[in-house]
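Colleague: Below is the structure I would like to discuss, written out as structure tokens.
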Amino acid sequence: MRRLLLFVILVMSLQPAFARRGETEKKMEALGFVDLSRIDSTFVIDLMYARSDNFVGTVLYDDLTKAYLHVDAAKALVKAQKLLSKERNGYRLKICDAARPMSVQRKMYDVVKNTPMVRYVSNPSNGGGLHNYGLAVDVTIVDDKGCELPMGTKVDHLGPEANIDKEDLLVKKRVITDAERKNRLLLRRVMTTAGFKALKSEWWHFNLVSRNQAKLKYKVIDF
């Protein structure tokens with residue numbers, strides 16, 4: 001009887017946390033955004049802002065562990081996954097960030113606004129960025145053993161080492177290896193063939209459309 005009573009007390013104490021958990025997911029789905037794990041179970045989902053080991057050093061997604069995208073971007077990402085699997089059997093895309101509510105964008109911007117990192121974060125006062133439309137994804141590749149391919153920097157590294165426009169020079173200076181450059185090229189090849197556009201300053205970041213196109217055709221995730 002005592003054990004049962006203790007169990008009931010434990011469950012009751014945890015109920016508020018369980019009730020809060022998943023509210024962001026519910027809102028995403030209510031707006032029509034797609035849970036990537038439901039349309040392709042081979043994606044590896046590991047949202048970096050659901051942890052504290054990211055460039056802002058804090059958890060930004062309190063109740064978001066699933067990766068969501070607008071249906072247009074989700075379809076393109078499934079295509080990229082198929083292209084990758086066809087080219088390298090057993091290789092998969094690892095999703096590190098996807099759709100991001102404006103409330104999270106504001107928190108992120110507040111952390112960096114008085115630092116040199118501010119240039120890497122879209123200002124929410126100006127409408128935010130493509131993540132805030134569910135049209136951008138931060139992604140890398142894992143091999144058939146589930147290990148991330150070396151890309152020269154980790155995802156979310158903010159600096160010239162992550163740039164894609166001078167990779168030959170980075171190899172020449174031994175900042176990254178030629179193998180790491182080829183891994184980046186593989187990622188870009190499957191993503192751009194699927195319809196995404198690469199971002200010059202971040203090898204892992206891909207947009208489906210331009211910001212102007214997003215403003216004309218899509219709605220921002222404003223909650």
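Residues are named by chain letter and number: chains run A, B, ... in the order of the structure tokens, numbers start at 1 in each chain, and ligands are numbered from 1 in the order shown.
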Please return as a ChimeraX atom specification: the residues of stretch 70-109 of chain A that backbone DSSP assigns to strand (DSSP E or B).
Modeller: /A:92-97
Colleague: If you count only C-alpha atoms, which residues fall within 6 Å of stretch 178-188 of chain A, apart from same-chain ones fewer than 2 positions away, as a ChimeraX atom specification?
Modeller: /A:150-152,171,190-192
Colleague: Name the closest residue to A:Asn126 among the candidates A:Lys215, A:Lys66, A:Arg92, A:Arg38; distances are taken between atoms, counting only C-alpha atoms.
Modeller: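 Checking each of A:Lys215, A:Lys66, A:Arg92, A:Arg38 against A:Asn126, counting only C-alpha atoms, the winner is A:Lys215.
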Colleague: Looking at A:Leu64, A:Ala136, A:Leu69, A:Ala99, which one is nearest to A:Glu23, with distances taken over only C-alpha atoms?
Modeller: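 Among the listed residues, the smallest separation from A:Glu23 belongs to A:Leu64.
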Colleague: Could you tell me how far atom CA of A:Lys94 lies from atom CA of A:Tyr218, in Å and to one decimal?
Modeller: 25.2 Å
Colleague: Separation of atom CA of A:Lys145 and atom CA of A:Leu84, in Å?
Modeller: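 For atom CA of A:Lys145 relative to atom CA of A:Leu84, the distance reads 15.0 Å.
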Colleague: For A:Tyr133, work out the shell of residues within 8 Å, counting only C-alpha atoms and skipping chain neighbours fewer than 3 positions away, then give it as a list of chain:residue names.
Modeller: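 Answer for this query is A:His70, A:Ala99, A:Arg100, A:Gly129, A:Leu130, A:Ala136, A:Ala214, A:Tyr218, A:Lys219, A:Val220, A:Ile221.
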Colleague: Step one, run DSSP on the backbone; step two, keep only residues of stretch 28-154 of chain A assigned to helix (DSSP H, G or I); then write them as a PyMOL selection string.
Modeller: chain A and resi 28-30+36-39+48-50+71-87+102-112+116-120+124-126+130-133
Colleague: Compile a residue-level contact table for stretch 80-172 of chain A against stretch 52-61 of chain A at a cut-off of 10 Å, reporting for every qualifying residue the shortest atom pair and its distance in Å to one decimal, with only C-alpha atoms counted, rows ordered by chain and ascending number, as CSV.
Modeller:
```
residue,atom,partner,partner_atom,distance
A:Arg100,CA,A:Tyr61,CA,9.0
A:Pro101,CA,A:Tyr61,CA,9.6
A:Ser103,CA,A:Leu60,CA,9.7
A:Val104,CA,A:Leu60,CA,6.3
A:Gln105,CA,A:Leu60,CA,8.9
A:Lys107,CA,A:Leu60,CA,7.3
A:Met108,CA,A:Val56,CA,7.2
A:Tyr109,CA,A:Val56,CA,9.5
A:Val111,CA,A:Val56,CA,6.7
A:Val112,CA,A:Val56,CA,7.4
A:Met117,CA,A:Phe55,CA,8.9
A:Val155,CA,A:Asn54,CA,8.8
A:Asp156,CA,A:Phe55,CA,6.3
A:His157,CA,A:Phe55,CA,7.2
A:Leu158,CA,A:Phe55,CA,7.8
```
Colleague: Write the residues you've just listed into a file as a compact mmCIF listing (two decimals), in the first residue's frame, and include C-alpha atoms for each of them.
Modeller:
```
# COMPACT_ATOMS: atom_id res chain seq x y z
CA ARG A 100 11.76 27.40 -35.42
CA PRO A 101 8.96 29.48 -33.84
CA SER A 103 9.35 33.05 -29.87
CA VAL A 104 12.53 30.95 -29.95
CA GLN A 105 14.09 33.25 -32.55
CA LYS A 107 15.25 34.27 -27.31
CA MET A 108 18.17 33.36 -29.56
CA TYR A 109 18.59 36.93 -30.80
CA VAL A 111 21.40 36.09 -26.32
CA VAL A 112 23.63 37.28 -29.20
CA MET A 117 27.67 36.44 -33.13
CA VAL A 155 27.51 21.87 -36.95
CA ASP A 156 26.89 25.35 -35.47
CA HIS A 157 30.52 26.43 -35.63
CA LEU A 158 30.46 30.15 -36.35
```
Colleague: Name all residues at most 12 Å from A:Ser85 (count only C-alpha atoms; drop same-chain ones fewer than 3 positions away) and give them as a list in words.
Modeller: Thr42, Phe43, Val78, Lys79, Ala80, Gln81, Lys82, Arg88, Asn89, Gly90, Tyr91, Arg92, Leu93, Ile141, Val142, Asp143, Asp144, Leu186, Leu187 and Val190 of chain A
Colleague: Output C-alpha atoms of each residue in that selection to a file, as a short mmCIF file (atom, residue, chain, number, x, y, z; two decimals), in the first residue's frame.
Modeller:
```
data_model
loop_
_atom_site.label_atom_id
_atom_site.label_comp_id
_atom_site.auth_asym_id
_atom_site.auth_seq_id
_atom_site.Cartn_x
_atom_site.Cartn_y
_atom_site.Cartn_z
CA THR A 42 15.40 6.91 -41.74
CA PHE A 43 16.11 10.54 -40.81
CA VAL A 78 12.85 13.27 -48.39
CA LYS A 79 14.14 13.53 -51.96
CA ALA A 80 17.60 14.49 -50.64
CA GLN A 81 17.54 11.48 -48.30
CA LYS A 82 16.76 9.15 -51.19
CA ARG A 88 26.06 5.95 -50.46
CA ASN A 89 24.20 2.91 -49.21
CA GLY A 90 23.40 3.16 -45.50
CA TYR A 91 24.20 6.89 -45.24
CA ARG A 92 21.48 9.11 -43.75
CA LEU A 93 20.74 12.76 -43.16
CA ILE A 141 25.39 13.16 -42.77
CA VAL A 142 25.89 9.99 -40.73
CA ASP A 143 27.47 6.86 -42.19
CA ASP A 144 26.15 3.29 -42.13
CA LEU A 186 28.38 15.26 -51.03
CA LEU A 187 25.99 16.98 -48.65
CA VAL A 190 22.19 15.82 -52.58
#
```
Colleague: Considering only C-alpha atoms, return as a list in words whatever protein or nucleic-acid residues lie within 7 Å of A:Ala162, sequence-local ones (same chain, fewer than 3 positions apart) excluded.
Modeller: Thr153, His157, Leu158, Gly159, Ser201, Glu202 and Trp203 of chain A
Colleague: Could you turn the residues from that selection into a file that holds C-alpha atoms, as a PDB file, in the first residue's frame?
Modeller:
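out05.pdb, written as the output of this step:
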```
ATOM      1  CA  THR A 153      33.908  21.850 -38.138  1.00  0.00           C
ATOM      2  CA  HIS A 157      30.524  26.429 -35.633  1.00  0.00           C
ATOM      3  CA  LEU A 158      30.455  30.150 -36.346  1.00  0.00           C
ATOM      4  CA  GLY A 159      33.580  31.221 -38.174  1.00  0.00           C
ATOM      5  CA  SER A 201      28.726  30.953 -44.232  1.00  0.00           C
ATOM      6  CA  GLU A 202      27.375  27.648 -42.863  1.00  0.00           C
ATOM      7  CA  TRP A 203      28.034  24.350 -44.658  1.00  0.00           C
TER       8      TRP A 203
END
```
